[in-house]
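Student: So here's target-v2.cif, just mmCIF, C-alpha atoms:
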data_work
#
loop_
_atom_site.label_atom_id
_atom_site.label_comp_id
_atom_site.auth_asym_id
_atom_site.auth_seq_id
_atom_site.Cartn_x
_atom_site.Cartn_y
_atom_site.Cartn_z
CA MET A 1 -169.27 223.64 -234.95
CA ILE A 2 -165.87 222.75 -236.35
CA LEU A 3 -167.48 220.77 -239.19
CA GLU A 4 -169.57 223.78 -240.18
CA LEU A 5 -166.50 226.04 -240.21
CA ILE A 6 -164.62 223.52 -242.36
CA ALA A 7 -167.57 223.33 -244.78
CA ILE A 8 -167.68 227.13 -245.13
CA GLY A 9 -163.89 227.29 -245.55
CA LEU A 10 -164.07 224.53 -248.15
CA VAL A 11 -166.61 226.38 -250.29
CA ILE A 12 -164.77 229.72 -249.93
CA SER A 13 -161.37 228.28 -250.91
CA ALA A 14 -162.89 226.29 -253.81
CA PHE A 15 -164.64 229.38 -255.15
CA LEU A 16 -161.49 231.50 -254.81
CA ALA A 17 -159.50 228.81 -256.64
CA VAL A 18 -161.80 229.26 -259.63
CA ILE A 19 -162.29 233.03 -259.43
CA LEU A 20 -158.79 234.44 -258.74
CA ASP A 21 -156.87 235.62 -261.81
CA GLU A 22 -153.32 234.87 -260.66
CA ALA A 23 -152.56 231.17 -261.28
CA VAL A 24 -150.34 230.82 -258.21
CA TYR A 25 -153.02 232.21 -255.87
CA SER A 26 -155.55 229.84 -257.43
CA VAL A 27 -153.29 226.86 -256.77
CA ALA A 28 -152.71 228.05 -253.18
CA SER A 29 -156.47 228.25 -252.73
CA LEU A 30 -156.88 224.75 -254.17
CA ALA A 31 -154.25 223.57 -251.67
CA ILE A 32 -156.40 224.90 -248.80
CA THR A 33 -159.44 223.14 -250.31
CA LEU A 34 -157.68 219.79 -250.51
CA VAL A 35 -156.27 220.07 -246.98
CA LEU A 36 -159.75 220.92 -245.64
CA VAL A 37 -161.19 217.89 -247.47
CA ALA A 38 -158.52 215.72 -245.80
CA ILE A 39 -159.45 217.17 -242.37
CA LEU A 40 -163.12 216.48 -243.13
CA TYR A 41 -162.28 212.85 -243.94
CA SER A 42 -160.27 212.55 -240.75
CA LEU A 43 -163.14 213.96 -238.67
CA ASN A 44 -165.44 211.37 -240.29
CA ASP A 45 -163.16 208.55 -239.04
CA ALA A 46 -161.70 207.86 -242.49
CA ASN A 47 -158.03 208.20 -241.56
CA PHE A 48 -156.66 206.11 -244.44
CA ALA A 49 -158.52 208.27 -246.94
CA ALA A 50 -157.31 211.45 -245.21
CA VAL A 51 -153.67 210.32 -245.43
CA PHE A 52 -154.06 209.34 -249.11
CA GLN A 53 -155.81 212.63 -249.86
CA LEU A 54 -152.96 214.59 -248.25
CA GLY A 55 -150.27 212.57 -250.03
CA ILE A 56 -151.89 212.91 -253.44
CA SER A 57 -152.67 216.58 -252.97
CA VAL A 58 -149.05 217.35 -252.07
CA GLY A 59 -147.88 215.76 -255.35
CA THR A 60 -150.60 217.33 -257.48
CA LEU A 61 -150.10 220.77 -255.97
CA ALA A 62 -146.33 220.68 -256.43
CA VAL A 63 -146.82 219.96 -260.14
CA LEU A 64 -149.60 222.56 -260.42
CA PHE A 65 -147.42 225.23 -258.76
CA LEU A 66 -144.62 224.52 -261.23
CA SER A 67 -146.96 224.60 -264.23
CA GLY A 68 -148.64 227.73 -262.88
CA GLU A 69 -145.27 229.46 -262.77
CA THR A 70 -144.34 228.17 -266.24
CA LEU A 71 -147.62 229.12 -267.89
CA SER A 72 -148.29 232.49 -266.26
CA GLU A 73 -147.37 235.40 -268.52
CA LYS A 74 -144.25 237.13 -267.28
CA THR A 75 -145.27 240.68 -266.44
CA ASN A 76 -143.83 242.89 -263.74
CA GLN A 77 -147.17 244.14 -262.48
CA LYS A 78 -149.07 241.78 -260.20
CA LYS A 79 -152.79 241.41 -260.66
CA PRO A 80 -154.64 242.93 -257.69
CA LEU A 81 -156.82 240.77 -255.46
CA ARG A 82 -159.87 242.96 -256.09
CA LYS A 83 -162.14 239.99 -256.71
CA ALA A 84 -161.26 238.24 -253.45
CA LEU A 85 -163.65 240.03 -251.08
CA PRO A 86 -166.84 239.85 -253.24
CA ALA A 87 -165.96 236.24 -254.12
CA THR A 88 -165.63 235.39 -250.41
CA ILE A 89 -169.07 236.88 -249.70
CA VAL A 90 -170.60 234.93 -252.60
CA ALA A 91 -168.90 231.75 -251.38
CA ILE A 92 -170.26 232.22 -247.84
CA LEU A 93 -173.75 232.53 -249.36
CA LEU A 94 -173.09 229.41 -251.43
CA SER A 95 -172.10 227.44 -248.34
CA VAL A 96 -175.37 228.29 -246.53
CA PRO A 97 -177.49 225.56 -248.26
CA SER A 98 -175.14 222.81 -247.07
CA LEU A 99 -175.71 223.99 -243.49
CA LEU A 100 -179.47 224.48 -243.71
CA ILE A 101 -180.95 222.03 -246.22
CA SER A 102 -181.39 218.46 -245.03
CA VAL A 103 -181.52 215.52 -247.43
CA SER A 104 -182.28 212.09 -246.02
CA ILE A 105 -179.92 209.34 -247.10
CA PRO A 106 -181.38 205.84 -247.31
CA SER A 107 -179.43 203.27 -245.35
CA GLY A 108 -178.35 200.20 -247.33
CA ASN A 109 -178.62 196.55 -246.47
CA ILE A 110 -174.94 195.80 -247.01
CA SER A 111 -173.33 194.41 -243.88
CA SER A 112 -170.69 196.75 -242.52
CA ASP A 113 -168.49 194.15 -240.85
CA VAL A 114 -165.92 194.18 -243.71
CA SER A 115 -162.65 195.71 -242.56
CA PHE A 116 -160.57 198.07 -244.68
CA PRO A 117 -157.80 195.50 -245.50
CA GLU A 118 -160.48 192.93 -246.41
CA ALA A 119 -162.26 195.39 -248.69
CA LEU A 120 -158.95 196.30 -250.35
CA TRP A 121 -158.14 192.60 -250.84
CA ASN A 122 -161.61 191.91 -252.31
CA LEU A 123 -161.09 194.68 -254.85
CA ARG A 124 -157.55 193.63 -255.86
CA ALA A 125 -158.62 192.98 -259.47
CA VAL A 126 -159.75 196.59 -259.85
CA ASP A 127 -156.54 197.69 -258.13
CA ILE A 128 -154.41 195.78 -260.66
CA ILE A 129 -156.35 197.27 -263.59
CA LEU A 130 -155.89 200.77 -262.18
CA GLN A 131 -152.18 200.19 -261.61
CA GLY A 132 -151.97 199.15 -265.26
CA LEU A 133 -153.71 202.40 -266.15
CA VAL A 134 -151.14 204.38 -264.14
CA ILE A 135 -148.26 202.58 -265.91
CA MET A 136 -149.88 203.21 -269.31
CA THR A 137 -150.20 206.90 -268.44
CA VAL A 138 -146.51 207.10 -267.53
CA ALA A 139 -145.67 205.40 -270.84
CA LEU A 140 -147.91 207.87 -272.69
CA GLY A 141 -146.16 210.78 -270.96
CA ILE A 142 -142.73 209.46 -271.98
CA VAL A 143 -143.92 208.97 -275.59
CA ILE A 144 -145.26 212.56 -275.71
CA VAL A 145 -141.98 213.97 -274.37
CA LEU A 146 -139.86 211.92 -276.82
CA GLN A 147 -142.12 212.84 -279.74
CA THR A 148 -141.83 216.54 -278.90
CA LYS A 149 -138.02 216.28 -278.70
CA LYS A 150 -137.96 214.45 -282.05
CA GLU A 151 -140.04 217.20 -283.69
CA ARG A 152 -137.76 219.88 -282.26
CA ASN A 153 -134.63 218.18 -283.59
CA LYS A 154 -136.06 218.03 -287.15
CA MET B 1 -175.02 219.53 -238.83
CA ILE B 2 -173.63 219.65 -242.38
CA ASN B 3 -175.40 218.03 -245.28
CA TYR B 4 -172.61 216.39 -247.22
CA VAL B 5 -174.68 215.77 -250.34
CA VAL B 6 -175.43 219.50 -250.66
CA LEU B 7 -171.79 220.37 -249.86
CA SER B 8 -170.63 218.01 -252.58
CA MET B 9 -173.21 219.48 -255.00
CA THR B 10 -171.95 223.00 -254.19
CA LEU B 11 -168.36 221.99 -254.96
CA LEU B 12 -169.54 220.34 -258.17
CA ALA B 13 -171.42 223.50 -259.17
CA ILE B 14 -168.32 225.65 -258.51
CA GLY B 15 -166.23 223.26 -260.61
CA ILE B 16 -168.70 223.34 -263.51
CA TYR B 17 -168.90 227.14 -263.28
CA GLY B 18 -165.10 227.33 -263.55
CA LEU B 19 -165.08 224.87 -266.43
CA LEU B 20 -167.56 226.97 -268.39
CA THR B 21 -166.30 230.47 -267.65
CA ARG B 22 -162.51 230.31 -267.29
CA ARG B 23 -160.21 230.59 -270.33
CA HIS B 24 -156.82 229.73 -268.82
CA ILE B 25 -156.01 226.03 -269.21
CA LEU B 26 -154.67 225.76 -265.66
CA LYS B 27 -157.94 227.14 -264.27
CA ILE B 28 -159.83 224.55 -266.27
CA LEU B 29 -157.62 221.85 -264.77
CA ILE B 30 -158.30 223.25 -261.27
CA SER B 31 -162.04 223.11 -262.03
CA ILE B 32 -161.67 219.46 -263.10
CA GLU B 33 -159.84 218.79 -259.81
CA LEU B 34 -162.72 220.36 -257.88
CA ILE B 35 -165.27 218.23 -259.74
CA ALA B 36 -163.24 215.09 -259.01
CA THR B 37 -162.93 216.07 -255.33
CA ALA B 38 -166.69 216.68 -255.12
CA ALA B 39 -167.38 213.27 -256.62
CA SER B 40 -164.88 211.40 -254.46
CA MET B 41 -166.09 213.11 -251.27
CA ASN B 42 -169.32 211.13 -251.54
CA PHE B 43 -167.45 207.84 -251.17
CA ILE B 44 -166.39 208.78 -247.64
CA LEU B 45 -169.13 211.04 -246.42
CA LEU B 46 -171.98 208.74 -247.50
CA ALA B 47 -170.11 205.54 -246.66
CA PRO B 48 -171.34 205.21 -243.04
CA SER B 49 -174.88 204.53 -244.33
CA LEU B 50 -173.59 201.63 -246.47
CA ASN B 51 -170.14 200.27 -245.78
CA ARG B 52 -167.30 202.48 -244.54
CA ALA B 53 -164.44 200.19 -245.57
CA MET B 54 -165.75 199.82 -249.13
CA GLY B 55 -166.18 203.58 -249.42
CA GLU B 56 -162.61 204.18 -248.31
CA THR B 57 -161.28 201.52 -250.67
CA PHE B 58 -163.17 202.91 -253.64
CA LEU B 59 -161.91 206.39 -252.82
CA ILE B 60 -158.30 205.22 -252.83
CA LEU B 61 -158.87 203.47 -256.17
CA ALA B 62 -160.57 206.60 -257.54
CA PHE B 63 -157.50 208.65 -256.57
CA SER B 64 -155.35 206.70 -259.04
CA THR B 65 -157.62 207.45 -262.01
CA ASP B 66 -157.89 211.08 -260.89
CA THR B 67 -154.10 211.39 -260.75
CA CYS B 68 -153.78 209.80 -264.21
CA VAL B 69 -156.22 212.34 -265.65
CA THR B 70 -154.33 215.22 -264.02
CA GLY B 71 -151.01 213.89 -265.33
CA VAL B 72 -152.20 213.54 -268.93
CA VAL B 73 -153.97 216.92 -268.94
CA LEU B 74 -150.89 218.65 -267.49
CA ALA B 75 -148.60 217.05 -270.09
CA LEU B 76 -150.89 218.17 -272.92
CA LEU B 77 -151.27 221.61 -271.34
CA ILE B 78 -147.52 222.26 -271.16
CA ILE B 79 -146.90 220.98 -274.70
CA VAL B 80 -149.71 223.12 -276.15
CA ALA B 81 -148.58 226.20 -274.19
CA ARG B 82 -144.99 225.75 -275.38
CA LYS B 83 -145.99 225.17 -278.99
CA TYR B 84 -148.41 228.07 -279.35
CA GLY B 85 -147.06 230.41 -276.65
CA THR B 86 -150.40 230.91 -274.93
CA ALA B 87 -152.52 229.12 -272.34
CA ASP B 88 -155.78 230.82 -273.30
CA ILE B 89 -158.16 228.29 -274.89
CA ARG B 90 -159.96 230.89 -276.99
CA LYS B 91 -156.68 232.09 -278.49
CA LEU B 92 -155.71 228.45 -279.08
CA ALA B 93 -158.99 227.80 -280.89
CA GLU B 94 -158.42 230.93 -282.98
CA LEU B 95 -154.89 229.81 -283.87
CA GLU B 96 -156.16 226.40 -284.91
CA TRP B 97 -158.87 228.00 -287.05
CA ARG B 98 -156.31 230.30 -288.70
CA GLU B 99 -154.05 227.33 -289.42
CA GLU B 100 -156.94 225.48 -291.06
CA VAL B 101 -157.92 228.52 -293.17
CA GLY B 102 -154.26 229.04 -294.12
CA GLU B 103 -153.97 225.43 -295.25
CA GLU B 104 -157.15 225.69 -297.30
CA LYS B 105 -155.93 228.90 -298.94
CA GLY B 106 -152.59 227.27 -299.68
CA HIS B 107 -154.35 224.31 -301.34
CA SER B 108 -156.62 226.55 -303.46
CA GLU B 109 -153.67 228.76 -304.55
CA ALA B 110 -151.67 225.68 -305.49
CA SER B 111 -154.57 224.27 -307.56
CA GLU B 112 -155.04 227.66 -309.30
CA GLY B 113 -151.33 227.73 -310.10
CA ASP B 114 -151.59 224.27 -311.67
CA ASP B 115 -154.47 225.48 -313.90
#
Represent the supplied structure as structure tokens.
Tutor:
Amino acid sequence: MILELIAIGLVISAFLAVILDEAVYSVASLAITLVLVAILYSLNDANFAAVFQLGISVGTLAVLFLSGETLSEKTNQKKPLRKALPATIVAILLSVPSLLISVSIPSGNISSDVSFPEALWNLRAVDIILQGLVIMTVALGIVIVLQTKKERNK
Amino acid sequence: MINYVVLSMTLLAIGIYGLLTRRHILKILISIELIATAASMNFILLAPSLNRAMGETFLILAFSTDTCVTGVVLALLIIVARKYGTADIRKLAELEWREEVGEEKGHSEASEGDD
């Protein structure tokens, strides 16, 4: 029962994140989505993934909250949450197929005796490439910031 | 019993809907996040039928690329919003079009002046 409730909550919060006009409410809704995904992982015995999901979502959401505040147009009147109730009803209807439809998943022939640390060690080459990608992204971010400052000073 | 494939497809559909209908750049980024979450959910929720540890490992590796994408998009988003003063993609497209037309007009006026 709890899995079904999480699935419905997941679809509702994801739909509200897209539908709501106010950027901060959208980000709050996305936060609920990501936390529910982490709970879903945890209930499926993937505790490492749940912890990583929570950690990454905290960072992403902090940045998204800040950018939401920066980018939202400064007006005194708040946008009403008129869309929230119809959107919730639509989202509940959207979550029904995941509870009713059944799709059979073929089971693979890969042996499942590999532990998580072993799997991580076997994929270390991919890990190094991805770490390089992260470092390149940080470098790109610094270049963009410096370039913008240079243009402003001209 | 939940069907995770359908749940993931629903999240993907919501993300694509947001990507196609929303105009605010932050909403588009949120839609991209939803699409990435829908895709990465499959690693864990379908992993028991193949290999749980591999699914978890791939998910953690997928997180790093997802975070990179979010970082780059956010940096571009803030720079564009600061430069043009709006976060609406249609207005941004209009501004770009006006700039292009303005440049073309400037070129044609300059060439007429030379004649």
Student: Under the rule that all atoms listed in the file are counted, which of A:Ile135, A:Ala91, A:Val18, A:Ala28 is the nearest residue to chain B?
Tutor: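 Residue with the minimum atom-to-atom distance to chain B: A:Val18.
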Student: Could you list as a PDB file with C-alpha atoms, in the coordinates of the input every residue that has an atom within 12 Å of (-159.3, 218.9, -250.5), using the file's coordinates and counting all atoms listed in the file?
Tutor:
ATOM      1  CA  ILE A   6    -164.620 223.520-242.360  1.00  0.00           C
ATOM      2  CA  ALA A   7    -167.570 223.330-244.780  1.00  0.00           C
ATOM      3  CA  GLY A   9    -163.890 227.290-245.550  1.00  0.00           C
ATOM      4  CA  LEU A  10    -164.070 224.530-248.150  1.00  0.00           C
ATOM      5  CA  VAL A  11    -166.610 226.380-250.290  1.00  0.00           C
ATOM      6  CA  SER A  13    -161.370 228.280-250.910  1.00  0.00           C
ATOM      7  CA  ALA A  14    -162.890 226.290-253.810  1.00  0.00           C
ATOM      8  CA  ALA A  17    -159.500 228.810-256.640  1.00  0.00           C
ATOM      9  CA  VAL A  27    -153.290 226.860-256.770  1.00  0.00           C
ATOM     10  CA  ALA A  28    -152.710 228.050-253.180  1.00  0.00           C
ATOM     11  CA  SER A  29    -156.470 228.250-252.730  1.00  0.00           C
ATOM     12  CA  LEU A  30    -156.880 224.750-254.170  1.00  0.00           C
ATOM     13  CA  ALA A  31    -154.250 223.570-251.670  1.00  0.00           C
ATOM     14  CA  ILE A  32    -156.400 224.900-248.800  1.00  0.00           C
ATOM     15  CA  THR A  33    -159.440 223.140-250.310  1.00  0.00           C
ATOM     16  CA  LEU A  34    -157.680 219.790-250.510  1.00  0.00           C
ATOM     17  CA  VAL A  35    -156.270 220.070-246.980  1.00  0.00           C
ATOM     18  CA  LEU A  36    -159.750 220.920-245.640  1.00  0.00           C
ATOM     19  CA  VAL A  37    -161.190 217.890-247.470  1.00  0.00           C
ATOM     20  CA  ALA A  38    -158.520 215.720-245.800  1.00  0.00           C
ATOM     21  CA  ILE A  39    -159.450 217.170-242.370  1.00  0.00           C
ATOM     22  CA  LEU A  40    -163.120 216.480-243.130  1.00  0.00           C
ATOM     23  CA  TYR A  41    -162.280 212.850-243.940  1.00  0.00           C
ATOM     24  CA  SER A  42    -160.270 212.550-240.750  1.00  0.00           C
ATOM     25  CA  ALA A  49    -158.520 208.270-246.940  1.00  0.00           C
ATOM     26  CA  ALA A  50    -157.310 211.450-245.210  1.00  0.00           C
ATOM     27  CA  VAL A  51    -153.670 210.320-245.430  1.00  0.00           C
ATOM     28  CA  PHE A  52    -154.060 209.340-249.110  1.00  0.00           C
ATOM     29  CA  GLN A  53    -155.810 212.630-249.860  1.00  0.00           C
ATOM     30  CA  LEU A  54    -152.960 214.590-248.250  1.00  0.00           C
ATOM     31  CA  GLY A  55    -150.270 212.570-250.030  1.00  0.00           C
ATOM     32  CA  ILE A  56    -151.890 212.910-253.440  1.00  0.00           C
ATOM     33  CA  SER A  57    -152.670 216.580-252.970  1.00  0.00           C
ATOM     34  CA  VAL A  58    -149.050 217.350-252.070  1.00  0.00           C
ATOM     35  CA  THR A  60    -150.600 217.330-257.480  1.00  0.00           C
ATOM     36  CA  LEU A  61    -150.100 220.770-255.970  1.00  0.00           C
TER      37      LEU A  61
ATOM     38  CA  SER B   8    -170.630 218.010-252.580  1.00  0.00           C
ATOM     39  CA  LEU B  11    -168.360 221.990-254.960  1.00  0.00           C
ATOM     40  CA  ILE B  30    -158.300 223.250-261.270  1.00  0.00           C
ATOM     41  CA  GLU B  33    -159.840 218.790-259.810  1.00  0.00           C
ATOM     42  CA  LEU B  34    -162.720 220.360-257.880  1.00  0.00           C
ATOM     43  CA  ILE B  35    -165.270 218.230-259.740  1.00  0.00           C
ATOM     44  CA  ALA B  36    -163.240 215.090-259.010  1.00  0.00           C
ATOM     45  CA  THR B  37    -162.930 216.070-255.330  1.00  0.00           C
ATOM     46  CA  ALA B  38    -166.690 216.680-255.120  1.00  0.00           C
ATOM     47  CA  ALA B  39    -167.380 213.270-256.620  1.00  0.00           C
ATOM     48  CA  SER B  40    -164.880 211.400-254.460  1.00  0.00           C
ATOM     49  CA  MET B  41    -166.090 213.110-251.270  1.00  0.00           C
TER      50      MET B  41
END
Student: Applying 12 Å and all atoms listed in the file, which residues near Val69 in chain B remain after dropping the ones on its own chain fewer than 6 positions away? List them as a PyMOL selection string.
Tutor: (chain A and resi 60+133-134+136-138+140-141) or (chain B and resi 29-30+32-33+36+62-63+75-77)
Student: Under the rule of at most 8 Å, produce a per-residue listing of chain B near chain A: chain, number, name, the closest pair of atoms, and the distance in Å, as JSON lines, using all atoms listed in the file.
Tutor:
{"residue": "B:Met1", "atom": "CA", "partner": "A:Leu99", "partner_atom": "CA", "distance": 6.5}
{"residue": "B:Ile2", "atom": "CA", "partner": "A:Leu99", "partner_atom": "CA", "distance": 4.9}
{"residue": "B:Asn3", "atom": "CA", "partner": "A:Ser98", "partner_atom": "CA", "distance": 5.1}
{"residue": "B:Tyr4", "atom": "CA", "partner": "A:Ser98", "partner_atom": "CA", "distance": 6.9}
{"residue": "B:Val5", "atom": "CA", "partner": "A:Val103", "partner_atom": "CA", "distance": 7.4}
{"residue": "B:Val6", "atom": "CA", "partner": "A:Ser98", "partner_atom": "CA", "distance": 4.9}
{"residue": "B:Leu7", "atom": "CA", "partner": "A:Ser98", "partner_atom": "CA", "distance": 5.0}
{"residue": "B:Thr10", "atom": "CA", "partner": "A:Leu94", "partner_atom": "CA", "distance": 7.1}
{"residue": "B:Leu11", "atom": "CA", "partner": "A:Val11", "partner_atom": "CA", "distance": 6.6}
{"residue": "B:Ile14", "atom": "CA", "partner": "A:Phe15", "partner_atom": "CA", "distance": 6.2}
{"residue": "B:Gly15", "atom": "CA", "partner": "A:Val18", "partner_atom": "CA", "distance": 7.5}
{"residue": "B:Gly18", "atom": "CA", "partner": "A:Val18", "partner_atom": "CA", "distance": 5.5}
{"residue": "B:Arg22", "atom": "CA", "partner": "A:Val18", "partner_atom": "CA", "distance": 7.8}
{"residue": "B:Leu26", "atom": "CA", "partner": "A:Gly68", "partner_atom": "CA", "distance": 6.9}
{"residue": "B:Lys27", "atom": "CA", "partner": "A:Val18", "partner_atom": "CA", "distance": 6.4}
{"residue": "B:Ile30", "atom": "CA", "partner": "A:Val18", "partner_atom": "CA", "distance": 7.1}
{"residue": "B:Ser31", "atom": "CA", "partner": "A:Val18", "partner_atom": "CA", "distance": 6.6}
{"residue": "B:Leu34", "atom": "CA", "partner": "A:Ala14", "partner_atom": "CA", "distance": 7.2}
{"residue": "B:Met41", "atom": "CA", "partner": "A:Val37", "partner_atom": "CA", "distance": 7.8}
{"residue": "B:Ile44", "atom": "CA", "partner": "A:Tyr41", "partner_atom": "CA", "distance": 6.9}
{"residue": "B:Leu45", "atom": "CA", "partner": "A:Asn44", "partner_atom": "CA", "distance": 7.2}
{"residue": "B:Leu46", "atom": "CA", "partner": "A:Ile105", "partner_atom": "CA", "distance": 8.0}
{"residue": "B:Ser49", "atom": "CA", "partner": "A:Ser107", "partner_atom": "CA", "distance": 4.8}
{"residue": "B:Leu50", "atom": "CA", "partner": "A:Gly108", "partner_atom": "CA", "distance": 5.0}
{"residue": "B:Asn51", "atom": "CA", "partner": "A:Ser112", "partner_atom": "CA", "distance": 4.8}
{"residue": "B:Arg52", "atom": "CA", "partner": "A:Ser112", "partner_atom": "CA", "distance": 7.0}
{"residue": "B:Ala53", "atom": "CA", "partner": "A:Phe116", "partner_atom": "CA", "distance": 4.5}
{"residue": "B:Met54", "atom": "CA", "partner": "A:Ala119", "partner_atom": "CA", "distance": 5.7}
{"residue": "B:Glu56", "atom": "CA", "partner": "A:Ala49", "partner_atom": "CA", "distance": 5.9}
{"residue": "B:Thr57", "atom": "CA", "partner": "A:Leu120", "partner_atom": "CA", "distance": 5.7}
{"residue": "B:Leu59", "atom": "CA", "partner": "A:Ala49", "partner_atom": "CA", "distance": 7.0}
{"residue": "B:Ile60", "atom": "CA", "partner": "A:Ala49", "partner_atom": "CA", "distance": 6.6}
{"residue": "B:Leu61", "atom": "CA", "partner": "A:Asp127", "partner_atom": "CA", "distance": 6.5}
{"residue": "B:Phe63", "atom": "CA", "partner": "A:Ile56", "partner_atom": "CA", "distance": 7.7}
{"residue": "B:Ser64", "atom": "CA", "partner": "A:Leu130", "partner_atom": "CA", "distance": 6.7}
{"residue": "B:Thr65", "atom": "CA", "partner": "A:Leu130", "partner_atom": "CA", "distance": 6.9}
{"residue": "B:Thr67", "atom": "CA", "partner": "A:Thr60", "partner_atom": "CA", "distance": 7.6}
{"residue": "B:Cys68", "atom": "CA", "partner": "A:Val134", "partner_atom": "CA", "distance": 6.0}
{"residue": "B:Thr70", "atom": "CA", "partner": "A:Thr60", "partner_atom": "CA", "distance": 7.8}
{"residue": "B:Gly71", "atom": "CA", "partner": "A:Thr137", "partner_atom": "CA", "distance": 7.7}
{"residue": "B:Val72", "atom": "CA", "partner": "A:Gly141", "partner_atom": "CA", "distance": 6.9}
{"residue": "B:Leu74", "atom": "CA", "partner": "A:Ser67", "partner_atom": "CA", "distance": 7.8}
{"residue": "B:Ala75", "atom": "CA", "partner": "A:Gly141", "partner_atom": "CA", "distance": 6.8}
{"residue": "B:Ile78", "atom": "CA", "partner": "A:Ser67", "partner_atom": "CA", "distance": 7.3}
{"residue": "B:Ile79", "atom": "CA", "partner": "A:Thr148", "partner_atom": "CA", "distance": 7.9}
{"residue": "B:Ala81", "atom": "CA", "partner": "A:Leu71", "partner_atom": "CA", "distance": 7.0}
{"residue": "B:Thr86", "atom": "CA", "partner": "A:Leu71", "partner_atom": "CA", "distance": 7.8}
{"residue": "B:Ala87", "atom": "CA", "partner": "A:Leu71", "partner_atom": "CA", "distance": 6.6}
Student: If you measure from CA of Leu92 in chain B to CA of Lys150 in chain A, what distance in Å do you get, rounded to one decimal?
Tutor: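 These two atoms are separated by 22.8 Å.
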